[in-house]
Every structure is written in structure tokens, then in C-alpha cells.
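Quick look at upload-v8.pdb (PDB, C-alpha atoms, pLDDT in the B column):
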```pdb
ATOM      1  CA  MET A   1       0.000   0.000   0.000  1.00 68.00           C
ATOM      2  CA  ALA A   2       1.308   3.449  -0.961  1.00 78.00           C
ATOM      3  CA  SER A   3       2.254   5.736   1.923  1.00 93.00           C
ATOM      4  CA  VAL A   4       0.437   8.608   0.192  1.00 98.00           C
ATOM      5  CA  ARG A   5      -3.123   8.164  -1.036  1.00 98.00           C
ATOM      6  CA  LEU A   6      -5.577  10.718  -2.352  1.00 98.00           C
ATOM      7  CA  ILE A   7      -9.325  10.173  -2.191  1.00 98.00           C
ATOM      8  CA  GLY A   8     -10.910  12.286  -4.886  1.00 97.00           C
ATOM      9  CA  GLY A   9     -12.663  12.659  -8.194  1.00 95.00           C
ATOM     10  CA  ARG A  10     -11.030  13.707 -11.448  1.00 94.00           C
ATOM     11  CA  ALA A  11     -13.559  16.463 -12.153  1.00 93.00           C
ATOM     12  CA  SER A  12     -13.258  18.170  -8.752  1.00 94.00           C
ATOM     13  CA  PRO A  13     -11.190  21.392  -8.877  1.00 95.00           C
ATOM     14  CA  PHE A  14     -10.497  20.973  -5.166  1.00 96.00           C
ATOM     15  CA  VAL A  15      -8.986  17.561  -5.769  1.00 98.00           C
ATOM     16  CA  ASN A  16      -7.023  19.023  -8.694  1.00 98.00           C
ATOM     17  CA  ARG A  17      -5.439  21.452  -6.236  1.00 98.00           C
ATOM     18  CA  VAL A  18      -3.970  18.615  -4.255  1.00 98.00           C
ATOM     19  CA  GLN A  19      -2.819  16.758  -7.365  1.00 98.00           C
ATOM     20  CA  ILE A  20      -0.962  19.834  -8.606  1.00 98.00           C
ATOM     21  CA  ALA A  21       0.753  20.296  -5.239  1.00 98.00           C
ATOM     22  CA  LEU A  22       1.790  16.633  -5.182  1.00 98.00           C
ATOM     23  CA  ASN A  23       3.152  16.958  -8.716  1.00 98.00           C
ATOM     24  CA  LEU A  24       5.113  20.098  -7.851  1.00 97.00           C
ATOM     25  CA  LYS A  25       6.804  18.170  -5.056  1.00 97.00           C
ATOM     26  CA  SER A  26       7.296  15.078  -7.285  1.00 97.00           C
ATOM     27  CA  ILE A  27       5.446  12.884  -4.769  1.00 97.00           C
ATOM     28  CA  ASP A  28       4.254   9.455  -5.858  1.00 97.00           C
ATOM     29  CA  TYR A  29       0.729   8.738  -4.668  1.00 98.00           C
ATOM     30  CA  GLU A  30      -2.172   6.382  -5.186  1.00 98.00           C
ATOM     31  CA  PHE A  31      -5.324   8.022  -6.534  1.00 98.00           C
ATOM     32  CA  LEU A  32      -8.500   6.530  -5.086  1.00 97.00           C
ATOM     33  CA  GLN A  33     -11.327   7.531  -7.400  1.00 95.00           C
ATOM     34  CA  GLU A  34     -14.500   8.389  -5.516  1.00 93.00           C
ATOM     35  CA  LYS A  35     -17.762   8.056  -7.434  1.00 86.00           C
ATOM     36  CA  PHE A  36     -19.845  11.211  -7.394  1.00 78.00           C
ATOM     37  CA  GLY A  37     -23.247  10.598  -5.904  1.00 79.00           C
ATOM     38  CA  SER A  38     -21.951   8.036  -3.429  1.00 87.00           C
ATOM     39  CA  LYS A  39     -19.508   8.008  -0.536  1.00 94.00           C
ATOM     40  CA  SER A  40     -17.114   5.141   0.075  1.00 96.00           C
ATOM     41  CA  GLU A  41     -16.530   3.634   3.482  1.00 96.00           C
ATOM     42  CA  LEU A  42     -12.941   4.913   3.381  1.00 97.00           C
ATOM     43  CA  LEU A  43     -14.115   8.486   2.696  1.00 97.00           C
ATOM     44  CA  LEU A  44     -16.648   8.403   5.531  1.00 97.00           C
ATOM     45  CA  LYS A  45     -14.020   7.004   7.870  1.00 97.00           C
ATOM     46  CA  SER A  46     -11.331   9.468   6.767  1.00 97.00           C
ATOM     47  CA  ASN A  47     -13.507  12.606   6.756  1.00 97.00           C
ATOM     48  CA  PRO A  48     -16.384  11.898   9.173  1.00 96.00           C
ATOM     49  CA  ILE A  49     -17.148  15.589   9.754  1.00 96.00           C
ATOM     50  CA  HIS A  50     -17.678  16.941   6.236  1.00 95.00           C
ATOM     51  CA  LYS A  51     -17.787  13.606   4.367  1.00 95.00           C
ATOM     52  CA  LYS A  52     -16.353  15.125   1.193  1.00 95.00           C
ATOM     53  CA  ILE A  53     -13.321  15.027  -1.065  1.00 96.00           C
ATOM     54  CA  PRO A  54     -10.420  15.603  -1.236  1.00 97.00           C
ATOM     55  CA  VAL A  55      -8.806  13.643   1.547  1.00 98.00           C
ATOM     56  CA  LEU A  56      -5.057  13.020   1.654  1.00 98.00           C
ATOM     57  CA  ILE A  57      -3.991   9.916   3.566  1.00 98.00           C
ATOM     58  CA  HIS A  58      -0.335  10.018   4.565  1.00 98.00           C
ATOM     59  CA  GLU A  59       0.983   7.072   6.551  1.00 95.00           C
ATOM     60  CA  ASP A  60      -2.606   6.194   7.555  1.00 94.00           C
ATOM     61  CA  ARG A  61      -3.348   9.708   8.819  1.00 97.00           C
ATOM     62  CA  ALA A  62      -6.088  11.671   7.058  1.00 98.00           C
ATOM     63  CA  ILE A  63      -5.856  15.364   6.173  1.00 98.00           C
ATOM     64  CA  CYS A  64      -8.965  17.157   4.870  1.00 98.00           C
ATOM     65  CA  GLU A  65      -9.831  20.423   3.067  1.00 97.00           C
ATOM     66  CA  SER A  66      -7.914  21.239  -0.101  1.00 98.00           C
ATOM     67  CA  LEU A  67      -6.006  24.360   0.981  1.00 98.00           C
ATOM     68  CA  ILE A  68      -5.068  22.759   4.293  1.00 98.00           C
ATOM     69  CA  ILE A  69      -3.827  19.706   2.398  1.00 98.00           C
ATOM     70  CA  VAL A  70      -1.719  21.863   0.064  1.00 98.00           C
ATOM     71  CA  GLN A  71      -0.125  23.564   3.064  1.00 98.00           C
ATOM     72  CA  TYR A  72       0.488  20.178   4.706  1.00 98.00           C
ATOM     73  CA  ILE A  73       2.206  18.912   1.558  1.00 98.00           C
ATOM     74  CA  ASP A  74       4.418  22.001   1.433  1.00 98.00           C
ATOM     75  CA  GLU A  75       5.452  21.698   5.079  1.00 97.00           C
ATOM     76  CA  THR A  76       5.946  17.920   5.053  1.00 97.00           C
ATOM     77  CA  TRP A  77       7.978  17.523   1.851  1.00 97.00           C
ATOM     78  CA  THR A  78      10.516  20.323   2.236  1.00 95.00           C
ATOM     79  CA  SER A  79      12.978  18.980  -0.319  1.00 89.00           C
ATOM     80  CA  GLY A  80      10.841  20.059  -3.280  1.00 87.00           C
ATOM     81  CA  PRO A  81      10.072  23.612  -4.439  1.00 94.00           C
ATOM     82  CA  SER A  82       8.251  25.739  -1.872  1.00 97.00           C
ATOM     83  CA  ILE A  83       4.558  26.404  -2.469  1.00 98.00           C
ATOM     84  CA  LEU A  84       3.987  28.920   0.316  1.00 98.00           C
ATOM     85  CA  PRO A  85       6.418  31.825   0.854  1.00 95.00           C
ATOM     86  CA  SER A  86       8.946  31.465   3.680  1.00 94.00           C
ATOM     87  CA  ASP A  87       8.538  35.103   4.763  1.00 96.00           C
ATOM     88  CA  SER A  88       5.747  35.307   7.355  1.00 97.00           C
ATOM     89  CA  TYR A  89       4.112  38.423   5.853  1.00 97.00           C
ATOM     90  CA  ASP A  90       4.188  37.063   2.304  1.00 94.00           C
ATOM     91  CA  ARG A  91       2.851  33.761   3.612  1.00 97.00           C
ATOM     92  CA  ALA A  92      -0.065  35.460   5.387  1.00 97.00           C
ATOM     93  CA  THR A  93      -0.794  37.499   2.258  1.00 96.00           C
ATOM     94  CA  ALA A  94      -0.888  34.363   0.095  1.00 96.00           C
ATOM     95  CA  GLN A  95      -3.267  32.692   2.567  1.00 97.00           C
ATOM     96  CA  PHE A  96      -5.488  35.787   2.517  1.00 97.00           C
ATOM     97  CA  TRP A  97      -5.855  35.742  -1.272  1.00 96.00           C
ATOM     98  CA  ALA A  98      -6.394  31.976  -1.367  1.00 97.00           C
ATOM     99  CA  ALA A  99      -9.219  32.402   1.172  1.00 96.00           C
ATOM    100  CA  TYR A 100     -10.638  35.258  -0.916  1.00 96.00           C
ATOM    101  CA  ILE A 101     -10.682  33.018  -3.991  1.00 95.00           C
ATOM    102  CA  ASP A 102     -12.571  30.320  -2.099  1.00 94.00           C
ATOM    103  CA  GLU A 103     -15.064  32.847  -0.765  1.00 93.00           C
ATOM    104  CA  LYS A 104     -15.700  34.513  -4.136  1.00 88.00           C
ATOM    105  CA  CYS A 105     -14.813  32.283  -7.089  1.00 83.00           C
ATOM    106  CA  THR A 106     -16.889  29.175  -6.410  1.00 80.00           C
ATOM    107  CA  PRO A 107     -19.992  31.048  -5.135  1.00 85.00           C
ATOM    108  CA  ASN A 108     -19.896  33.372  -8.171  1.00 86.00           C
ATOM    109  CA  LEU A 109     -19.592  30.456 -10.590  1.00 83.00           C
ATOM    110  CA  ARG A 110     -22.419  28.689  -8.804  1.00 82.00           C
ATOM    111  CA  ALA A 111     -24.600  31.817  -8.968  1.00 85.00           C
ATOM    112  CA  LEU A 112     -23.867  32.190 -12.676  1.00 84.00           C
ATOM    113  CA  ARG A 113     -24.790  28.565 -13.328  1.00 79.00           C
ATOM    114  CA  ALA A 114     -28.089  28.984 -11.463  1.00 82.00           C
ATOM    115  CA  ALA A 115     -28.965  32.376 -13.019  1.00 83.00           C
ATOM    116  CA  LYS A 116     -32.352  32.549 -14.713  1.00 85.00           C
ATOM    117  CA  GLY A 117     -32.769  35.050 -17.501  1.00 83.00           C
ATOM    118  CA  GLU A 118     -30.355  37.542 -19.013  1.00 84.00           C
ATOM    119  CA  GLU A 119     -30.562  40.038 -16.141  1.00 86.00           C
ATOM    120  CA  GLU A 120     -29.522  37.502 -13.498  1.00 84.00           C
ATOM    121  CA  LYS A 121     -26.820  36.140 -15.787  1.00 83.00           C
ATOM    122  CA  SER A 122     -25.475  39.652 -16.388  1.00 84.00           C
ATOM    123  CA  GLU A 123     -25.389  40.442 -12.650  1.00 87.00           C
ATOM    124  CA  ALA A 124     -23.581  37.179 -11.866  1.00 85.00           C
ATOM    125  CA  SER A 125     -21.096  37.763 -14.699  1.00 87.00           C
ATOM    126  CA  ASN A 126     -20.376  41.294 -13.470  1.00 88.00           C
ATOM    127  CA  ARG A 127     -19.584  40.010  -9.973  1.00 89.00           C
ATOM    128  CA  LEU A 128     -17.165  37.535 -11.511  1.00 90.00           C
ATOM    129  CA  PHE A 129     -15.533  40.270 -13.620  1.00 91.00           C
ATOM    130  CA  GLU A 130     -15.073  42.440 -10.512  1.00 92.00           C
ATOM    131  CA  MET A 131     -13.208  39.574  -8.886  1.00 93.00           C
ATOM    132  CA  TRP A 132     -11.010  39.057 -11.987  1.00 94.00           C
ATOM    133  CA  ILE A 133     -10.099  42.752 -12.112  1.00 94.00           C
ATOM    134  CA  LEU A 134      -9.022  42.735  -8.470  1.00 95.00           C
ATOM    135  CA  LEU A 135      -6.964  39.570  -8.973  1.00 95.00           C
ATOM    136  CA  GLU A 136      -5.445  41.102 -12.115  1.00 94.00           C
ATOM    137  CA  GLU A 137      -4.151  43.982  -9.964  1.00 93.00           C
ATOM    138  CA  VAL A 138      -2.707  41.542  -7.446  1.00 93.00           C
ATOM    139  CA  LEU A 139      -1.040  39.530 -10.214  1.00 93.00           C
ATOM    140  CA  VAL A 140       0.510  42.629 -11.805  1.00 90.00           C
ATOM    141  CA  LYS A 141       2.067  43.590  -8.467  1.00 87.00           C
ATOM    142  CA  ARG A 142       3.370  40.068  -7.941  1.00 79.00           C
ATOM    143  CA  SER A 143       4.672  39.877 -11.508  1.00 72.00           C
ATOM    144  CA  GLU A 144       6.850  42.984 -11.397  1.00 69.00           C
ATOM    145  CA  GLY A 145      10.232  42.256 -12.901  1.00 63.00           C
ATOM    146  CA  GLY A 146       8.852  39.755 -15.399  1.00 69.00           C
ATOM    147  CA  LYS A 147       7.629  37.145 -12.922  1.00 83.00           C
ATOM    148  CA  GLY A 148       4.594  35.382 -14.337  1.00 89.00           C
ATOM    149  CA  PHE A 149       2.791  33.881 -11.350  1.00 95.00           C
ATOM    150  CA  PHE A 150       1.146  34.973  -8.117  1.00 94.00           C
ATOM    151  CA  GLY A 151       3.946  32.998  -6.473  1.00 88.00           C
ATOM    152  CA  GLY A 152       6.607  34.957  -8.347  1.00 90.00           C
ATOM    153  CA  ASP A 153       8.537  33.146 -11.078  1.00 90.00           C
ATOM    154  CA  LYS A 154       6.905  29.778 -10.323  1.00 93.00           C
ATOM    155  CA  ILE A 155       3.542  28.345  -9.319  1.00 96.00           C
ATOM    156  CA  GLY A 156       2.688  28.990  -5.685  1.00 97.00           C
ATOM    157  CA  TYR A 157      -0.190  28.763  -3.222  1.00 98.00           C
ATOM    158  CA  VAL A 158      -2.440  31.424  -4.793  1.00 97.00           C
ATOM    159  CA  ASP A 159      -1.801  30.054  -8.287  1.00 97.00           C
ATOM    160  CA  ILE A 160      -2.982  26.628  -7.175  1.00 98.00           C
ATOM    161  CA  ALA A 161      -6.000  28.071  -5.353  1.00 97.00           C
ATOM    162  CA  LEU A 162      -7.213  29.912  -8.450  1.00 97.00           C
ATOM    163  CA  GLY A 163      -5.822  27.762 -11.241  1.00 97.00           C
ATOM    164  CA  CYS A 164      -7.729  24.656 -10.235  1.00 95.00           C
ATOM    165  CA  SER A 165     -10.961  26.359 -11.427  1.00 93.00           C
ATOM    166  CA  LEU A 166      -9.735  27.089 -14.958  1.00 95.00           C
ATOM    167  CA  GLY A 167     -11.103  23.845 -16.375  1.00 95.00           C
ATOM    168  CA  TRP A 168     -14.603  24.519 -15.097  1.00 92.00           C
ATOM    169  CA  LEU A 169     -14.323  28.159 -16.129  1.00 93.00           C
ATOM    170  CA  LYS A 170     -13.766  27.120 -19.749  1.00 93.00           C
ATOM    171  CA  ALA A 171     -16.578  24.575 -19.525  1.00 91.00           C
ATOM    172  CA  MET A 172     -18.951  27.213 -18.125  1.00 88.00           C
ATOM    173  CA  GLU A 173     -18.024  29.600 -20.935  1.00 90.00           C
ATOM    174  CA  LYS A 174     -19.029  27.023 -23.496  1.00 90.00           C
ATOM    175  CA  LEU A 175     -22.070  25.837 -21.575  1.00 85.00           C
ATOM    176  CA  LEU A 176     -23.513  29.319 -20.994  1.00 83.00           C
ATOM    177  CA  GLY A 177     -22.224  31.081 -24.103  1.00 83.00           C
ATOM    178  CA  VAL A 178     -20.450  33.863 -22.193  1.00 82.00           C
ATOM    179  CA  LYS A 179     -16.806  34.926 -22.020  1.00 87.00           C
ATOM    180  CA  LEU A 180     -15.772  34.791 -18.372  1.00 89.00           C
ATOM    181  CA  LEU A 181     -12.058  35.563 -18.695  1.00 91.00           C
ATOM    182  CA  ASN A 182     -11.595  38.525 -21.022  1.00 88.00           C
ATOM    183  CA  ALA A 183      -8.239  39.347 -22.627  1.00 91.00           C
ATOM    184  CA  GLU A 184      -9.268  42.988 -23.059  1.00 91.00           C
ATOM    185  CA  LYS A 185     -10.209  43.547 -19.407  1.00 90.00           C
ATOM    186  CA  THR A 186      -7.673  41.273 -17.712  1.00 94.00           C
ATOM    187  CA  PRO A 187      -4.848  40.534 -20.192  1.00 94.00           C
ATOM    188  CA  GLU A 188      -2.302  39.514 -17.549  1.00 94.00           C
ATOM    189  CA  LEU A 189      -4.725  37.068 -15.977  1.00 95.00           C
ATOM    190  CA  VAL A 190      -5.405  35.478 -19.354  1.00 96.00           C
ATOM    191  CA  ARG A 191      -1.666  35.092 -19.987  1.00 95.00           C
ATOM    192  CA  TRP A 192      -1.233  33.723 -16.464  1.00 96.00           C
ATOM    193  CA  ALA A 193      -3.929  31.102 -17.137  1.00 97.00           C
ATOM    194  CA  GLU A 194      -2.075  29.949 -20.259  1.00 96.00           C
ATOM    195  CA  ARG A 195       1.229  29.681 -18.367  1.00 96.00           C
ATOM    196  CA  PHE A 196      -0.411  27.843 -15.498  1.00 97.00           C
ATOM    197  CA  CYS A 197      -2.098  25.230 -17.693  1.00 97.00           C
ATOM    198  CA  ALA A 198       1.125  24.690 -19.662  1.00 97.00           C
ATOM    199  CA  ASP A 199       3.159  23.835 -16.559  1.00 97.00           C
ATOM    200  CA  ASP A 200       4.256  20.203 -16.260  1.00 97.00           C
ATOM    201  CA  ALA A 201       2.705  19.932 -12.777  1.00 97.00           C
ATOM    202  CA  VAL A 202      -0.700  20.907 -14.198  1.00 98.00           C
ATOM    203  CA  LYS A 203      -0.751  19.075 -17.539  1.00 96.00           C
ATOM    204  CA  GLY A 204      -3.087  16.100 -17.439  1.00 95.00           C
ATOM    205  CA  VAL A 205      -4.556  17.082 -14.071  1.00 98.00           C
ATOM    206  CA  ILE A 206      -7.303  19.514 -15.063  1.00 96.00           C
ATOM    207  CA  PRO A 207      -9.765  17.705 -17.362  1.00 95.00           C
ATOM    208  CA  GLU A 208     -10.410  18.991 -20.878  1.00 94.00           C
ATOM    209  CA  THR A 209     -13.530  21.066 -21.582  1.00 93.00           C
ATOM    210  CA  GLU A 210     -15.441  18.308 -23.379  1.00 93.00           C
ATOM    211  CA  GLU A 211     -14.855  15.871 -20.534  1.00 93.00           C
ATOM    212  CA  LEU A 212     -16.187  18.387 -18.016  1.00 92.00           C
ATOM    213  CA  LEU A 213     -19.189  19.222 -20.190  1.00 90.00           C
ATOM    214  CA  GLU A 214     -20.087  15.550 -20.369  1.00 88.00           C
ATOM    215  CA  PHE A 215     -19.652  15.240 -16.630  1.00 87.00           C
ATOM    216  CA  SER A 216     -21.710  18.389 -16.012  1.00 81.00           C
ATOM    217  CA  LYS A 217     -24.877  16.849 -17.416  1.00 76.00           C
ATOM    218  CA  ASN A 218     -25.497  15.204 -14.060  1.00 68.00           C
ATOM    219  CA  PHE A 219     -23.020  16.493 -11.531  1.00 58.00           C
ATOM    220  CA  ILE A 220     -22.058  20.156 -12.065  1.00 51.00           C
ATOM    221  CA  PRO A 221     -23.983  21.448  -8.987  1.00 47.00           C
ATOM    222  CA  LYS A 222     -22.194  18.963  -6.721  1.00 48.00           C
ATOM    223  CA  VAL A 223     -18.744  19.739  -8.126  1.00 48.00           C
ATOM    224  CA  LEU A 224     -19.085  23.490  -7.676  1.00 45.00           C
ATOM    225  CA  VAL A 225     -20.123  23.318  -4.051  1.00 40.00           C
ATOM    226  CA  SER A 226     -17.807  20.575  -2.761  1.00 42.00           C
TER     227      SER A 226
END
```
Whole structure given in C-alpha cells:
Amino acid sequence: MASVRLIGGRASPFVNRVQIALNLKSIDYEFLQEKFGSKSELLLKSNPIHKKIPVLIHEDRAICESLIIVQYIDETWTSGPSILPSDSYDRATAQFWAAYIDEKCTPNLRALRAAKGEEEKSEASNRLFEMWILLEEVLVKRSEGGKGFFGGDKIGYVDIALGCSLGWLKAMEKLLGVKLLNAEKTPELVRWAERFCADDAVKGVIPETEELLEFSKNFIPKVLVS
């Protein structure tokens, strides 16, 4: 049995976060695919409070909640590239923006998916654009001197927090017929998204648009609120 196991589902952006962090650290792990719509005995045992994915099992100890897992990975496997900044202020700042993304990104996507009529869709889209513009400003500050990521010149904590949603963002664009990440309004964020998805740690982790669209026929509400 592998010493590192990940309970998750391929289509979950929160699970994708953990996979990217594991890849950045070059950690071998066993992926335990959880079927959406049902909960395995191992999941219920490993996460009895929230009963949801992802769950990282390291040496038979379970760690839950995606951002907490990413931080655990960074602190446990110190030999690989750092995900969180070593400076305490920079670290706190990264945690702040990751929390902001969780508080705003998923709820806004969920609201857009549930919007009825053009007026509701427009209001939900505008809230999403406001978030992108703010994150564009943060990225520009972090990218001064030619650095292309929120983490500086390489993928870091905030990049993982936001980047995991890019697959569903593209799927939602196609599903709803709206452009959610606009090169005219947030050009740096669009270029960041391309760099992020092209990174070796990300390739093959985030499902392609067509795969997510097929999956969304039955499960998109569950994925966006997990």
C-alpha cells in the first residue's frame, strides 16, 4: 500500500489542487477515485465531519480540506520547491488571497450557473468580472520584474488556489455562451492562465472542456459546491 493516497474525483477542482501540489513536489501517490453521488466507506471514515473530497492519507493519517492539504504537503515535503512563501508576511498574504478566492470564485460560478434570464446572468457575470479585475491587480504587483505567477517566477499557493478552477471556467463559458475571462479587461490574468495550464505539474490534471461538459450533465452542482 502506498504511503500517500488521495481520495478524490477527477472532475473536482479541489482535488485538482492537491494533485498539482503533489506533482510540484514530485510525490508518488495512489489516486482513489471516488464516485460522485456516493460516498465510500474509506471516505466516511477518513472525513467523518464533512464527508467530502479531497482527503489526503499520509501514513494512515487523514488530512482534509484542499487548501489545508496543500499547506500540509508544502510543510511535510521540504525537499521540493516551496509552495507557500517562507517570509511570514508574504505567507499570510498568500493565505489571505487563497481564502478570498474560495469565498468569491466558487460562489460566483455557482450563482452564474443557477442564473435565470439575461438580467440575473449579467449580474452574476459582473460580480465575476469584478473579482477578476481585483486579482489582475494583485497579479501585476506580484509579476513585477517579469515574474509570471502569483507565487513569483513559479507556481505557488495562490496560483494553485485559483488555477484549479480554470477547467470549469472554460466549460462554463461554453455551456452558458459567455466569455468569463476577457483578454481585453484582464490581459495579464489570461496570460497567467495559459502559463499555469502549460506547466508540467498541471498538464493532465485539469480535465479537458469536453470531458467536463459531459460530466456536467449530471453532476455540475455537486462539483461546484464541494
Go through region 76-193 of chain A residue by residue and, counting only C-alpha atoms, keep those with an atom at most 8 Å from region 21-42 of chain A; for each kept residue give the shortest atom pair and its distance in Å to one decimal, ordered by chain and increasing number, as a tab-separated table.
```
residue	atom	partner	partner_atom	distance
A:Trp77	CA	A:Lys25	CA	7.0
A:Ser79	CA	A:Lys25	CA	7.8
A:Gly80	CA	A:Lys25	CA	4.8
A:Pro81	CA	A:Lys25	CA	6.4
A:Ile83	CA	A:Ala21	CA	7.7
A:Ile160	CA	A:Ala21	CA	7.6
```
Task: Spatial neighbours of Ile63 (chain A), 10 Å, only C-alpha atoms, chain gap at least 2 places, as a ChimeraX atom specification - done: /A:6,46-47,54-58,60-61,65-66,68-70,72-73
TODO: Could you tell me which residues the PyMOL selection byres ((chain A and resi 102-111) around 12) returns for this structure, as a PyMOL selection string?
DONE: chain A and resi 12-14+65-67+95-101+112-116+120-132+134-135+158+160-166+168-173+176+180+220-226
Kindly save the residues from that selection, with C-alpha atoms included, as a tab-separated table (two decimals), keeping the file's coordinate frame.
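Written output follows (out.tsv):
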```
chain	number	residue	atom	x	y	z
A	12	SER	CA	-13.26	18.17	-8.75
A	13	PRO	CA	-11.19	21.39	-8.88
A	14	PHE	CA	-10.50	20.97	-5.17
A	65	GLU	CA	-9.83	20.42	3.07
A	66	SER	CA	-7.91	21.24	-0.10
A	67	LEU	CA	-6.01	24.36	0.98
A	95	GLN	CA	-3.27	32.69	2.57
A	96	PHE	CA	-5.49	35.79	2.52
A	97	TRP	CA	-5.86	35.74	-1.27
A	98	ALA	CA	-6.39	31.98	-1.37
A	99	ALA	CA	-9.22	32.40	1.17
A	100	TYR	CA	-10.64	35.26	-0.92
A	101	ILE	CA	-10.68	33.02	-3.99
A	112	LEU	CA	-23.87	32.19	-12.68
A	113	ARG	CA	-24.79	28.56	-13.33
A	114	ALA	CA	-28.09	28.98	-11.46
A	115	ALA	CA	-28.96	32.38	-13.02
A	116	LYS	CA	-32.35	32.55	-14.71
A	120	GLU	CA	-29.52	37.50	-13.50
A	121	LYS	CA	-26.82	36.14	-15.79
A	122	SER	CA	-25.48	39.65	-16.39
A	123	GLU	CA	-25.39	40.44	-12.65
A	124	ALA	CA	-23.58	37.18	-11.87
A	125	SER	CA	-21.10	37.76	-14.70
A	126	ASN	CA	-20.38	41.29	-13.47
A	127	ARG	CA	-19.58	40.01	-9.97
A	128	LEU	CA	-17.16	37.53	-11.51
A	129	PHE	CA	-15.53	40.27	-13.62
A	130	GLU	CA	-15.07	42.44	-10.51
A	131	MET	CA	-13.21	39.57	-8.89
A	132	TRP	CA	-11.01	39.06	-11.99
A	134	LEU	CA	-9.02	42.74	-8.47
A	135	LEU	CA	-6.96	39.57	-8.97
A	158	VAL	CA	-2.44	31.42	-4.79
A	160	ILE	CA	-2.98	26.63	-7.18
A	161	ALA	CA	-6.00	28.07	-5.35
A	162	LEU	CA	-7.21	29.91	-8.45
A	163	GLY	CA	-5.82	27.76	-11.24
A	164	CYS	CA	-7.73	24.66	-10.24
A	165	SER	CA	-10.96	26.36	-11.43
A	166	LEU	CA	-9.74	27.09	-14.96
A	168	TRP	CA	-14.60	24.52	-15.10
A	169	LEU	CA	-14.32	28.16	-16.13
A	170	LYS	CA	-13.77	27.12	-19.75
A	171	ALA	CA	-16.58	24.58	-19.52
A	172	MET	CA	-18.95	27.21	-18.12
A	173	GLU	CA	-18.02	29.60	-20.94
A	176	LEU	CA	-23.51	29.32	-20.99
A	180	LEU	CA	-15.77	34.79	-18.37
A	220	ILE	CA	-22.06	20.16	-12.06
A	221	PRO	CA	-23.98	21.45	-8.99
A	222	LYS	CA	-22.19	18.96	-6.72
A	223	VAL	CA	-18.74	19.74	-8.13
A	224	LEU	CA	-19.08	23.49	-7.68
A	225	VAL	CA	-20.12	23.32	-4.05
A	226	SER	CA	-17.81	20.58	-2.76
```
Task: Interatomic distance, CA of Phe149 (chain A) to CA of Glu136 (chain A) (Å, one decimal) - done: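 Distance reported for this atom pair: 11.0 Å.
Considering all atoms listed in the file, the residue among A:Lys45, A:Glu137, A:Ile53, A:Gly151 positioned nearest to Ala94 (chain A) is A:Gly151.
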Centre, x/y/z edge lengths, axis-aligned box for region 12-31 of chain A with 6 Å per side, as JSON:
```
{"center_x": -3.0, "center_y": 13.9, "center_z": -6.6, "size_x": 32.6, "size_y": 27.1, "size_z": 16.6}
```
TODO: List the neighbours of Val140 (chain A) out to 9 Å using all atoms listed in the file; skip same-chain residues closer than 5 positions along the sequence, and give me the result as number ranges by chain.
DONE: A: 135, 148, 150, 188-189
Could you get me a file of region 14-25 of chain A with N, CA, C and O atoms, as an mmCIF file, in the first residue's frame, taken from the block above?
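The file below, result-v4.cif, is the result:
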```cif
data_model
loop_
_atom_site.group_PDB
_atom_site.id
_atom_site.type_symbol
_atom_site.label_atom_id
_atom_site.label_comp_id
_atom_site.auth_asym_id
_atom_site.auth_seq_id
_atom_site.Cartn_x
_atom_site.Cartn_y
_atom_site.Cartn_z
ATOM 1 N N PHE A 14 -11.135 21.016 -6.471
ATOM 2 C CA PHE A 14 -10.497 20.973 -5.166
ATOM 3 C C PHE A 14 -9.530 19.795 -5.064
ATOM 4 O O PHE A 14 -8.462 19.895 -4.461
ATOM 5 N N VAL A 15 -9.890 18.708 -5.679
ATOM 6 C CA VAL A 15 -8.986 17.561 -5.769
ATOM 7 C C VAL A 15 -7.809 17.904 -6.680
ATOM 8 O O VAL A 15 -6.661 17.556 -6.391
ATOM 9 N N ASN A 16 -8.089 18.607 -7.775
ATOM 10 C CA ASN A 16 -7.023 19.023 -8.694
ATOM 11 C C ASN A 16 -5.966 19.858 -7.991
ATOM 12 O O ASN A 16 -4.781 19.763 -8.303
ATOM 13 N N ARG A 17 -6.397 20.672 -7.022
ATOM 14 C CA ARG A 17 -5.439 21.452 -6.236
ATOM 15 C C ARG A 17 -4.384 20.553 -5.598
ATOM 16 O O ARG A 17 -3.185 20.818 -5.666
ATOM 17 N N VAL A 18 -4.863 19.515 -4.972
ATOM 18 C CA VAL A 18 -3.970 18.615 -4.255
ATOM 19 C C VAL A 18 -3.066 17.879 -5.237
ATOM 20 O O VAL A 18 -1.863 17.708 -4.991
ATOM 21 N N GLN A 19 -3.617 17.458 -6.361
ATOM 22 C CA GLN A 19 -2.819 16.758 -7.365
ATOM 23 C C GLN A 19 -1.687 17.640 -7.886
ATOM 24 O O GLN A 19 -0.561 17.175 -8.069
ATOM 25 N N ILE A 20 -1.985 18.917 -8.116
ATOM 26 C CA ILE A 20 -0.962 19.834 -8.606
ATOM 27 C C ILE A 20 0.142 20.008 -7.570
ATOM 28 O O ILE A 20 1.337 20.004 -7.896
ATOM 29 N N ALA A 21 -0.242 20.156 -6.305
ATOM 30 C CA ALA A 21 0.753 20.296 -5.239
ATOM 31 C C ALA A 21 1.629 19.057 -5.135
ATOM 32 O O ALA A 21 2.858 19.156 -4.985
ATOM 33 N N LEU A 22 1.029 17.886 -5.219
ATOM 34 C CA LEU A 22 1.790 16.633 -5.182
ATOM 35 C C LEU A 22 2.753 16.553 -6.365
ATOM 36 O O LEU A 22 3.908 16.126 -6.213
ATOM 37 N N ASN A 23 2.293 16.973 -7.529
ATOM 38 C CA ASN A 23 3.152 16.958 -8.716
ATOM 39 C C ASN A 23 4.311 17.936 -8.588
ATOM 40 O O ASN A 23 5.439 17.636 -9.000
ATOM 41 N N LEU A 24 4.045 19.116 -8.034
ATOM 42 C CA LEU A 24 5.113 20.098 -7.851
ATOM 43 C C LEU A 24 6.224 19.557 -6.965
ATOM 44 O O LEU A 24 7.402 19.849 -7.169
ATOM 45 N N LYS A 25 5.835 18.746 -5.987
ATOM 46 C CA LYS A 25 6.804 18.170 -5.056
ATOM 47 C C LYS A 25 7.351 16.820 -5.532
ATOM 48 O O LYS A 25 8.167 16.195 -4.844
#
```
